[in-house]
>>> print(open('final-v4.csv').read())   # CSV, C-alpha atoms and all ligand atoms
chain,number,residue,atom,x,y,z
A,1,MET,CA,46.3,-30.2,7.6
A,2,LYS,CA,43.4,-31.4,5.5
A,3,VAL,CA,41.9,-30.9,2.0
A,4,LEU,CA,38.4,-31.8,0.9
A,5,ILE,CA,38.2,-32.7,-2.8
A,6,ILE,CA,34.9,-32.7,-4.6
A,7,ASN,CA,34.8,-34.4,-8.0
A,8,GLY,CA,31.7,-33.5,-10.0
A,9,SER,CA,32.1,-36.2,-12.6
A,10,PRO,CA,29.7,-39.1,-12.8
A,11,ARG,CA,32.4,-41.2,-14.5
A,12,LEU,CA,34.3,-43.1,-11.9
A,13,LYS,CA,37.6,-43.4,-13.6
A,14,GLY,CA,37.2,-40.4,-15.8
A,15,ASN,CA,39.4,-37.5,-16.7
A,16,CYS,CA,38.5,-35.5,-13.6
A,17,SER,CA,39.6,-38.5,-11.4
A,18,LYS,CA,43.0,-38.7,-13.3
A,19,LEU,CA,43.6,-35.0,-12.7
A,20,ILE,CA,42.7,-35.4,-9.0
A,21,ASP,CA,45.1,-38.4,-8.6
A,22,GLU,CA,47.9,-36.1,-9.8
A,23,MET,CA,47.0,-33.6,-7.0
A,24,VAL,CA,46.5,-36.3,-4.4
A,25,ASN,CA,50.1,-37.5,-5.0
A,26,ILE,CA,51.4,-34.1,-4.2
A,27,PHE,CA,49.2,-33.7,-1.1
A,28,GLU,CA,50.3,-37.1,0.2
A,29,GLN,CA,54.0,-36.3,-0.4
A,30,GLU,CA,53.4,-33.1,1.6
A,31,GLY,CA,51.7,-34.9,4.5
A,32,ILE,CA,48.3,-33.4,3.8
A,33,GLU,CA,45.3,-35.5,4.8
A,34,VAL,CA,42.9,-35.9,1.8
A,35,GLU,CA,39.1,-36.5,1.8
A,36,ASN,CA,38.3,-37.4,-1.8
A,37,TYR,CA,34.6,-37.3,-2.6
A,38,GLN,CA,33.1,-38.1,-6.0
A,39,ILE,CA,29.5,-37.3,-7.0
A,40,GLY,CA,29.3,-40.3,-9.4
A,41,ALA,CA,25.8,-41.3,-10.2
A,42,LYS,CA,24.2,-39.8,-7.1
A,43,ALA,CA,21.4,-37.4,-7.6
A,44,PHE,CA,21.6,-34.0,-5.9
A,45,ARG,CA,18.6,-31.7,-6.1
A,46,GLY,CA,19.0,-28.0,-6.0
A,47,CYS,CA,18.5,-25.5,-3.2
A,48,MET,CA,14.8,-24.6,-2.8
A,49,ALA,CA,15.4,-21.5,-0.7
A,50,CYS,CA,13.4,-22.8,2.3
A,51,ASN,CA,15.9,-21.3,4.7
A,52,TYR,CA,15.5,-24.4,7.0
A,53,CYS,CA,19.3,-24.2,7.3
A,54,TYR,CA,19.1,-20.9,9.1
A,55,GLU,CA,17.4,-22.6,12.0
A,56,ALA,CA,18.9,-26.1,11.8
A,57,HIS,CA,22.4,-25.3,10.5
A,58,GLU,CA,22.1,-28.1,8.0
A,59,CYS,CA,20.3,-28.7,4.7
A,60,VAL,CA,16.7,-29.9,4.9
A,61,PHE,CA,17.7,-32.7,2.3
A,62,LYS,CA,19.4,-35.3,4.3
A,63,ASP,CA,22.0,-36.4,1.8
A,64,ASP,CA,25.8,-36.3,1.5
A,65,VAL,CA,25.8,-32.5,1.5
A,66,ASN,CA,25.4,-32.5,5.3
A,67,GLN,CA,28.3,-34.9,5.8
A,68,LEU,CA,30.5,-32.9,3.4
A,69,ALA,CA,29.6,-29.8,5.3
A,70,ARG,CA,31.2,-31.3,8.5
A,71,ILE,CA,34.3,-32.3,6.5
A,72,PHE,CA,34.5,-28.9,4.9
A,73,ASN,CA,34.4,-27.2,8.3
A,74,ASP,CA,37.4,-29.3,9.5
A,75,SER,CA,39.4,-28.7,6.3
A,76,ASP,CA,42.0,-26.1,5.5
A,77,GLY,CA,41.3,-26.3,1.8
A,78,LEU,CA,38.7,-27.2,-0.8
A,79,VAL,CA,39.4,-28.5,-4.3
A,80,VAL,CA,36.5,-28.6,-6.8
A,81,VAL,CA,36.9,-30.4,-10.1
A,82,SER,CA,34.2,-30.4,-12.7
A,83,PRO,CA,33.7,-31.9,-16.2
A,84,VAL,CA,32.4,-29.2,-18.6
A,85,TYR,CA,28.8,-29.9,-19.7
A,86,TYR,CA,27.5,-27.4,-22.3
A,87,GLY,CA,30.1,-24.8,-21.4
A,88,SER,CA,29.3,-25.0,-17.6
A,89,ALA,CA,30.0,-27.1,-14.6
A,90,ASN,CA,27.8,-30.2,-14.5
A,91,GLY,CA,24.3,-29.8,-13.0
A,92,SER,CA,24.7,-32.2,-10.0
A,93,LEU,CA,27.8,-30.4,-8.9
A,94,ILE,CA,26.2,-27.0,-9.0
A,95,SER,CA,23.2,-28.3,-7.0
A,96,LEU,CA,25.6,-29.8,-4.4
A,97,LEU,CA,27.7,-26.7,-4.2
A,98,ASP,CA,24.7,-24.3,-3.9
A,99,ARG,CA,23.4,-26.3,-1.0
A,100,LEU,CA,26.8,-26.9,0.6
A,101,PHE,CA,27.7,-23.2,0.7
A,102,TYR,CA,24.2,-21.8,1.5
A,103,SER,CA,23.4,-24.2,4.3
A,104,THR,CA,26.7,-23.9,6.1
A,105,HIS,CA,27.3,-20.8,8.3
A,106,PHE,CA,30.7,-21.6,9.7
A,107,ASP,CA,33.6,-19.3,9.0
A,108,LYS,CA,35.1,-20.1,5.6
A,109,ARG,CA,37.6,-17.3,5.7
A,110,PHE,CA,41.1,-18.3,4.7
A,111,LYS,CA,40.2,-21.9,3.8
A,112,VAL,CA,42.1,-22.1,0.5
A,113,GLY,CA,40.1,-22.9,-2.7
A,114,ALA,CA,41.2,-24.4,-6.0
A,115,ALA,CA,39.0,-25.2,-9.0
A,116,PHE,CA,39.6,-27.2,-12.2
A,117,ALA,CA,37.5,-27.6,-15.3
A,118,VAL,CA,38.0,-30.7,-17.6
A,119,ALA,CA,36.6,-30.7,-21.1
A,120,ARG,CA,37.0,-32.3,-24.5
A,121,ARG,CA,37.5,-28.9,-26.2
A,122,ALA,CA,35.8,-25.7,-24.9
A,123,GLY,CA,34.0,-24.1,-21.9
A,124,THR,CA,36.8,-24.5,-19.4
A,125,THR,CA,37.4,-20.8,-18.6
A,126,ALA,CA,33.7,-20.1,-18.0
A,127,THR,CA,33.5,-23.2,-15.8
A,128,PHE,CA,36.6,-22.2,-13.9
A,129,ASP,CA,35.1,-18.7,-13.3
A,130,GLU,CA,31.8,-20.3,-12.2
A,131,LEU,CA,33.5,-22.5,-9.6
A,132,ASN,CA,35.8,-19.8,-8.3
A,133,LYS,CA,32.7,-17.7,-7.4
A,134,TYR,CA,31.9,-20.0,-4.4
A,135,PHE,CA,35.4,-19.2,-3.0
A,136,THR,CA,35.4,-15.4,-3.7
A,137,ILE,CA,32.1,-14.7,-2.0
A,138,ASN,CA,33.5,-16.4,1.2
A,139,GLN,CA,36.8,-14.6,1.7
A,140,MET,CA,38.6,-17.8,0.6
A,141,PRO,CA,42.0,-17.2,-1.0
A,142,ILE,CA,42.5,-19.1,-4.3
A,143,ALA,CA,45.5,-21.3,-5.1
A,144,SER,CA,46.2,-20.6,-8.8
A,145,GLY,CA,48.5,-22.2,-11.3
A,146,ARG,CA,50.2,-21.3,-14.5
A,147,TYR,CA,47.0,-21.2,-16.6
A,148,TRP,CA,43.2,-21.0,-15.9
A,149,ASN,CA,43.1,-24.4,-14.4
A,150,ASN,CA,41.9,-26.8,-17.0
A,151,GLY,CA,42.6,-30.2,-18.5
A,152,PHE,CA,41.6,-31.7,-21.8
A,153,GLY,CA,40.3,-35.2,-22.8
A,154,ARG,CA,37.2,-36.8,-24.0
A,155,GLU,CA,37.3,-40.6,-23.4
A,156,GLN,CA,38.3,-41.8,-19.9
A,157,GLY,CA,42.0,-41.4,-19.3
A,158,GLN,CA,42.8,-39.2,-22.3
A,159,ILE,CA,43.7,-36.3,-20.0
A,160,GLU,CA,46.9,-38.1,-19.1
A,161,LYS,CA,48.2,-37.1,-22.6
A,162,ASP,CA,47.5,-33.4,-21.7
A,163,GLU,CA,51.0,-32.9,-20.1
A,164,GLU,CA,50.3,-29.2,-19.6
A,165,GLY,CA,47.1,-29.8,-17.7
A,166,MET,CA,48.6,-32.5,-15.6
A,167,GLN,CA,51.6,-30.4,-14.7
A,168,ASN,CA,49.3,-27.6,-13.8
A,169,ALA,CA,47.5,-29.9,-11.4
A,170,ARG,CA,50.8,-30.6,-9.6
A,171,ILE,CA,51.6,-26.9,-9.5
A,172,VAL,CA,48.2,-25.9,-8.1
A,173,ALA,CA,48.5,-28.7,-5.4
A,174,ARG,CA,51.9,-27.5,-4.4
A,175,ASN,CA,50.8,-23.8,-4.3
A,176,MET,CA,47.8,-24.8,-2.3
A,177,VAL,CA,49.9,-26.6,0.3
A,178,PHE,CA,52.2,-23.6,0.6
A,179,LEU,CA,49.2,-21.2,1.0
A,180,MET,CA,47.6,-23.4,3.7
A,181,LYS,CA,50.8,-23.6,5.7
A,182,ALA,CA,51.5,-19.8,5.3
A,183,ILE,CA,48.0,-19.0,6.4
A,184,ARG,CA,48.2,-21.3,9.4
A,185,ASP,CA,51.5,-19.7,10.4
A,186,ALA,CA,50.3,-16.1,9.8
A,187,ARG,CA,47.2,-16.8,11.9
A,188,LEU,CA,49.3,-17.8,14.8
A,189,LYS,CA,51.6,-14.8,14.4
A,190,TYR,CA,49.1,-12.0,13.5
A,191,GLY,CA,45.6,-13.5,14.0
A,192,TYR,CA,42.9,-13.2,11.4
A,193,PRO,CA,41.8,-9.7,10.2
A,194,GLU,CA,39.1,-8.0,12.2
A,195,LYS,CA,35.6,-9.3,11.2
A,196,GLU,CA,33.0,-6.6,10.7
A,197,GLU,CA,29.3,-7.1,11.3
A,198,THR,CA,27.6,-7.9,8.0
A,199,LYS,CA,25.9,-5.0,6.3
A,200,TYR,CA,23.4,-5.3,3.4
A,201,THR,CA,23.0,-3.0,0.5
A,202,HIS,CA,20.4,-0.2,0.9
A,203,PHE,CA,17.7,-1.7,-1.3
A,204,ILE,CA,17.4,-5.0,0.6
A,205,LYS,CA,15.5,-4.5,3.9
B,1,LIG,C1,26.4,-33.9,-21.3
B,1,LIG,C2,27.8,-33.6,-21.7
B,1,LIG,C3,28.1,-32.3,-22.2
B,1,LIG,C4,29.4,-32.0,-22.5
B,1,LIG,N1,29.7,-30.7,-22.9
B,1,LIG,C5,31.0,-30.4,-23.2
B,1,LIG,C6,31.3,-29.0,-23.6
B,1,LIG,O1,30.5,-28.1,-23.5
B,1,LIG,N2,32.6,-28.7,-23.9
B,1,LIG,C7,33.5,-29.7,-24.0
B,1,LIG,O2,34.6,-29.4,-24.4
B,1,LIG,N3,33.3,-31.0,-23.6
B,1,LIG,C8,32.0,-31.3,-23.3
B,1,LIG,N4,31.7,-32.6,-22.8
B,1,LIG,C9,32.8,-33.6,-22.7
B,1,LIG,C10,33.4,-33.7,-21.3
B,1,LIG,O3,33.6,-32.5,-20.7
B,1,LIG,C11,34.7,-34.5,-21.3
B,1,LIG,O4,34.4,-35.8,-21.9
B,1,LIG,C12,35.4,-34.7,-20.0
B,1,LIG,O5,36.6,-35.3,-20.2
B,1,LIG,C13,34.5,-35.4,-19.0
B,1,LIG,O6,35.2,-35.6,-17.8
B,1,LIG,P1,35.1,-37.0,-16.9
B,1,LIG,O7,35.8,-38.0,-17.8
B,1,LIG,O8,35.8,-36.7,-15.6
B,1,LIG,O9,33.6,-37.2,-16.7
B,1,LIG,C14,30.4,-33.0,-22.5
B,1,LIG,C15,30.1,-34.3,-22.0
B,1,LIG,C16,28.8,-34.6,-21.7
B,1,LIG,C17,28.5,-36.0,-21.2
>>> encode(input="final-v4.csv", output="structure tokens", more="lines below")
Ligand SMILES: Cc1cc2nc3c(=O)[nH]c(=O)nc-3n(C[C@H](O)[C@H](O)[C@H](O)COP(=O)(O)O)c2cc1C
Amino acid sequence: MKVLIINGSPRLKGNCSKLIDEMVNIFEQEGIEVENYQIGAKAFRGCMACNYCYEAHECVFKDDVNQLARIFNDSDGLVVVSPVYYGSANGSLISLLDRLFYSTHFDKRFKVGAAFAVARRAGTTATFDELNKYFTINQMPIASGRYWNNGFGREQGQIEKDEEGMQNARIVARNMVFLMKAIRDARLKYGYPEKEETKYTHFIK
């Protein structure tokens, strides 16, 4: 089983990375393969609604989004971790996620999602909600923890002192592994639920 982790932070050894390390330890203990991707200083432009992806099944911008799409397709779970910037996920991450989710048309149902927001002080719950929306529009179950997944720290590494946040990272990782295994077993036993043809609301023709 495999998990793709997307770290939205530009800081290479920042607080998001520390939190992710805590999750990766659990995934490795549980024998889960991990693909750990960090945005770093790379620039990601936003979706320009050209719909090229509807023909080509990839994004018109030939950057890491198309490689991540292939890894995401092969993964059983997706972890997204963002630093909080002005009460929201950071801009590069949102540009990447918009394009990753919009340009990929493979079945994302039952890939397990988990989101974390990391801040100095505030904006984590709004960011957590923002990130979970990519999962819930795609029939992806969410691995939750014992709080609305957040961690606190300002300077690089300070999050290690947030024992509650670090513990929650471990809890979410364990819950995610459990859900991925349970879904794999249930699919073999029962199959996935029936998939209906997509319908659109009456005012969009
Ligand atoms: C542009 C910018 C905006 C920020 N906005 C917020 C904010 O709204 N709320 C907050 O608590 N921290 C804010 N921070 C602090 C970061 O969220 C915090 O330092 C976090 O630990 C960064 O994670 P990283 O070390 O993984 O990059 C901001 C930092 C930057 C650079």
>>> closest_residue(input="final-v4.csv", among="A:Ser92, A:Ser144, A:Gln156, A:Thr198", to="Met176 (chain A)", atoms="only C-alpha atoms")
A:Ser144
>>> atom_distance(input="final-v4.csv", atom1="CA of Pro83 (chain A)", atom2="CA of Asn15 (chain A)")
8.0 Å
>>> residues_near_ligand(input="final-v4.csv", ligand="ligand LIG 1 (chain B)", cutoff="6 Å", atoms="all atoms listed in the file", output="short mmCIF file (atom, residue, chain, number, x, y, z; two decimals) with C-alpha atoms, in the coordinates of the input")
data_model
loop_
_atom_site.label_atom_id
_atom_site.label_comp_id
_atom_site.auth_asym_id
_atom_site.auth_seq_id
_atom_site.Cartn_x
_atom_site.Cartn_y
_atom_site.Cartn_z
CA SER A 9 32.10 -36.20 -12.60
CA PRO A 10 29.70 -39.10 -12.80
CA ARG A 11 32.40 -41.20 -14.50
CA GLY A 14 37.20 -40.40 -15.80
CA ASN A 15 39.40 -37.50 -16.70
CA CYS A 16 38.50 -35.50 -13.60
CA SER A 17 39.60 -38.50 -11.40
CA PRO A 83 33.70 -31.90 -16.20
CA VAL A 84 32.40 -29.20 -18.60
CA TYR A 85 28.80 -29.90 -19.70
CA TYR A 86 27.50 -27.40 -22.30
CA GLY A 87 30.10 -24.80 -21.40
CA VAL A 118 38.00 -30.70 -17.60
CA ALA A 119 36.60 -30.70 -21.10
CA ARG A 120 37.00 -32.30 -24.50
CA ARG A 121 37.50 -28.90 -26.20
CA ALA A 122 35.80 -25.70 -24.90
CA GLY A 123 34.00 -24.10 -21.90
CA GLY A 153 40.30 -35.20 -22.80
CA ARG A 154 37.20 -36.80 -24.00
CA GLU A 155 37.30 -40.60 -23.40
CA GLN A 156 38.30 -41.80 -19.90
#
>>> residues_around(input="final-v4.csv", residues="Cys50 (chain A)", least_positions_apart="4", cutoff="12 Å", atoms="only C-alpha atoms", output="mmCIF file with C-alpha atoms, in the coordinates of the input")
data_model
loop_
_atom_site.group_PDB
_atom_site.id
_atom_site.type_symbol
_atom_site.label_atom_id
_atom_site.label_comp_id
_atom_site.auth_asym_id
_atom_site.auth_seq_id
_atom_site.Cartn_x
_atom_site.Cartn_y
_atom_site.Cartn_z
ATOM 1 C CA GLY A 46 19.000 -28.000 -6.000
ATOM 2 C CA TYR A 54 19.100 -20.900 9.100
ATOM 3 C CA GLU A 55 17.400 -22.600 12.000
ATOM 4 C CA ALA A 56 18.900 -26.100 11.800
ATOM 5 C CA GLU A 58 22.100 -28.100 8.000
ATOM 6 C CA CYS A 59 20.300 -28.700 4.700
ATOM 7 C CA VAL A 60 16.700 -29.900 4.900
ATOM 8 C CA PHE A 61 17.700 -32.700 2.300
ATOM 9 C CA ARG A 99 23.400 -26.300 -1.000
ATOM 10 C CA TYR A 102 24.200 -21.800 1.500
ATOM 11 C CA SER A 103 23.400 -24.200 4.300
#
>>> atom_distance(input="final-v4.csv", atom1="CA of Tyr200 (chain A)", atom2="CA of Thr136 (chain A)")
17.2 Å
>>> residues_around(input="final-v4.csv", residues="Leu19 (chain A)", least_positions_apart="6", cutoff="12 Å", atoms="all atoms listed in the file", output="short mmCIF file (atom, residue, chain, number, x, y, z; two decimals) with C-alpha atoms, in the coordinates of the input")
data_model
loop_
_atom_site.label_atom_id
_atom_site.label_comp_id
_atom_site.auth_asym_id
_atom_site.auth_seq_id
_atom_site.Cartn_x
_atom_site.Cartn_y
_atom_site.Cartn_z
CA ILE A 5 38.20 -32.70 -2.80
CA ASN A 7 34.80 -34.40 -8.00
CA SER A 9 32.10 -36.20 -12.60
CA LYS A 13 37.60 -43.40 -13.60
CA ASN A 25 50.10 -37.50 -5.00
CA ILE A 26 51.40 -34.10 -4.20
CA VAL A 79 39.40 -28.50 -4.30
CA VAL A 80 36.50 -28.60 -6.80
CA VAL A 81 36.90 -30.40 -10.10
CA SER A 82 34.20 -30.40 -12.70
CA PRO A 83 33.70 -31.90 -16.20
CA ALA A 115 39.00 -25.20 -9.00
CA PHE A 116 39.60 -27.20 -12.20
CA ALA A 117 37.50 -27.60 -15.30
CA VAL A 118 38.00 -30.70 -17.60
CA ALA A 119 36.60 -30.70 -21.10
CA ASN A 149 43.10 -24.40 -14.40
CA ASN A 150 41.90 -26.80 -17.00
CA GLY A 151 42.60 -30.20 -18.50
CA PHE A 152 41.60 -31.70 -21.80
CA GLY A 153 40.30 -35.20 -22.80
CA GLN A 156 38.30 -41.80 -19.90
CA GLY A 157 42.00 -41.40 -19.30
CA GLN A 158 42.80 -39.20 -22.30
CA ILE A 159 43.70 -36.30 -20.00
CA GLU A 160 46.90 -38.10 -19.10
CA LYS A 161 48.20 -37.10 -22.60
CA ASP A 162 47.50 -33.40 -21.70
CA GLU A 163 51.00 -32.90 -20.10
CA GLU A 164 50.30 -29.20 -19.60
CA GLY A 165 47.10 -29.80 -17.70
CA MET A 166 48.60 -32.50 -15.60
CA GLN A 167 51.60 -30.40 -14.70
CA ASN A 168 49.30 -27.60 -13.80
CA ALA A 169 47.50 -29.90 -11.40
CA ARG A 170 50.80 -30.60 -9.60
CA ILE A 171 51.60 -26.90 -9.50
CA VAL A 172 48.20 -25.90 -8.10
CA ALA A 173 48.50 -28.70 -5.40
#
>>> atom_distance(input="final-v4.csv", atom1="CA of Leu12 (chain A)", atom2="CA of Lys108 (chain A)")
28.9 Å
>>> closest_residue(input="final-v4.csv", among="A:Gln38, A:Asn175, A:Thr104, A:Asn73", to="Tyr52 (chain A)", atoms="only C-alpha atoms")
A:Thr104
>>> closest_residue(input="final-v4.csv", among="A:Asn66, A:Thr124, A:Asn90, A:Ser75", to="Gly40 (chain A)", atoms="only C-alpha atoms")
A:Asn90
>>> residues_around(input="final-v4.csv", residues="Phe27 (chain A)", least_positions_apart="2", cutoff="10 Å", atoms="only C-alpha atoms", output="PyMOL selection string")
chain A and resi 1-3+21-25+29-34+170+173-174+176-177
>>> closest_residue(input="final-v4.csv", among="A:Ala126, A:Met48, A:Ile39, A:Leu78", to="Gly91 (chain A)", atoms="all atoms listed in the file")
A:Ile39
>>> residues_near_point(input="final-v4.csv", point="(25.5, -18.1, -4.6)", cutoff="8 Å", atoms="all atoms listed in the file", output="ChimeraX atom specification")
/A:98,101-102,133-134,137
>>> write_last_selection(input="final-v4.csv", atoms="C-alpha atoms", output="compact mmCIF listing (two decimals), keeping the file's coordinate frame")
# COMPACT_ATOMS: atom_id res chain seq x y z
CA ASP A 98 24.70 -24.30 -3.90
CA PHE A 101 27.70 -23.20 0.70
CA TYR A 102 24.20 -21.80 1.50
CA LYS A 133 32.70 -17.70 -7.40
CA TYR A 134 31.90 -20.00 -4.40
CA ILE A 137 32.10 -14.70 -2.00
>>> build_atoms(input="final-v4.csv", residues="region 166-183 of chain A", atoms="N, CA and C atoms", output="compact mmCIF listing (two decimals), in the coordinates of the input")
# COMPACT_ATOMS: atom_id res chain seq x y z
N MET A 166 48.16 -31.72 -16.70
CA MET A 166 48.60 -32.50 -15.60
C MET A 166 49.68 -31.85 -14.76
N GLN A 167 50.57 -31.16 -15.47
CA GLN A 167 51.60 -30.40 -14.70
C GLN A 167 50.97 -29.32 -13.91
N ASN A 168 49.97 -28.65 -14.49
CA ASN A 168 49.30 -27.60 -13.80
C ASN A 168 48.62 -28.09 -12.50
N ALA A 169 48.08 -29.29 -12.59
CA ALA A 169 47.50 -29.90 -11.40
C ALA A 169 48.50 -30.03 -10.28
N ARG A 170 49.70 -30.45 -10.63
CA ARG A 170 50.80 -30.60 -9.60
C ARG A 170 51.15 -29.22 -9.05
N ILE A 171 51.25 -28.24 -9.97
CA ILE A 171 51.60 -26.90 -9.50
C ILE A 171 50.59 -26.32 -8.57
N VAL A 172 49.31 -26.46 -8.93
CA VAL A 172 48.20 -25.90 -8.10
C VAL A 172 48.25 -26.61 -6.71
N ALA A 173 48.45 -27.92 -6.72
CA ALA A 173 48.50 -28.70 -5.40
C ALA A 173 49.61 -28.15 -4.56
N ARG A 174 50.79 -27.97 -5.15
CA ARG A 174 51.90 -27.50 -4.40
C ARG A 174 51.66 -26.06 -3.83
N ASN A 175 51.10 -25.21 -4.71
CA ASN A 175 50.80 -23.80 -4.30
C ASN A 175 49.76 -23.81 -3.17
N MET A 176 48.83 -24.75 -3.27
CA MET A 176 47.80 -24.80 -2.30
C MET A 176 48.36 -25.20 -0.90
N VAL A 177 49.25 -26.18 -0.91
CA VAL A 177 49.90 -26.60 0.30
C VAL A 177 50.66 -25.42 0.95
N PHE A 178 51.39 -24.72 0.08
CA PHE A 178 52.20 -23.60 0.60
C PHE A 178 51.25 -22.53 1.20
N LEU A 179 50.15 -22.21 0.52
CA LEU A 179 49.20 -21.20 1.00
C LEU A 179 48.59 -21.64 2.36
N MET A 180 48.20 -22.91 2.44
CA MET A 180 47.60 -23.40 3.70
C MET A 180 48.53 -23.28 4.85
N LYS A 181 49.80 -23.66 4.60
CA LYS A 181 50.80 -23.60 5.70
C LYS A 181 51.08 -22.11 6.04
N ALA A 182 51.18 -21.26 5.01
CA ALA A 182 51.50 -19.80 5.30
C ALA A 182 50.34 -19.20 6.05
N ILE A 183 49.11 -19.56 5.71
CA ILE A 183 48.00 -19.00 6.40
C ILE A 183 47.91 -19.47 7.86
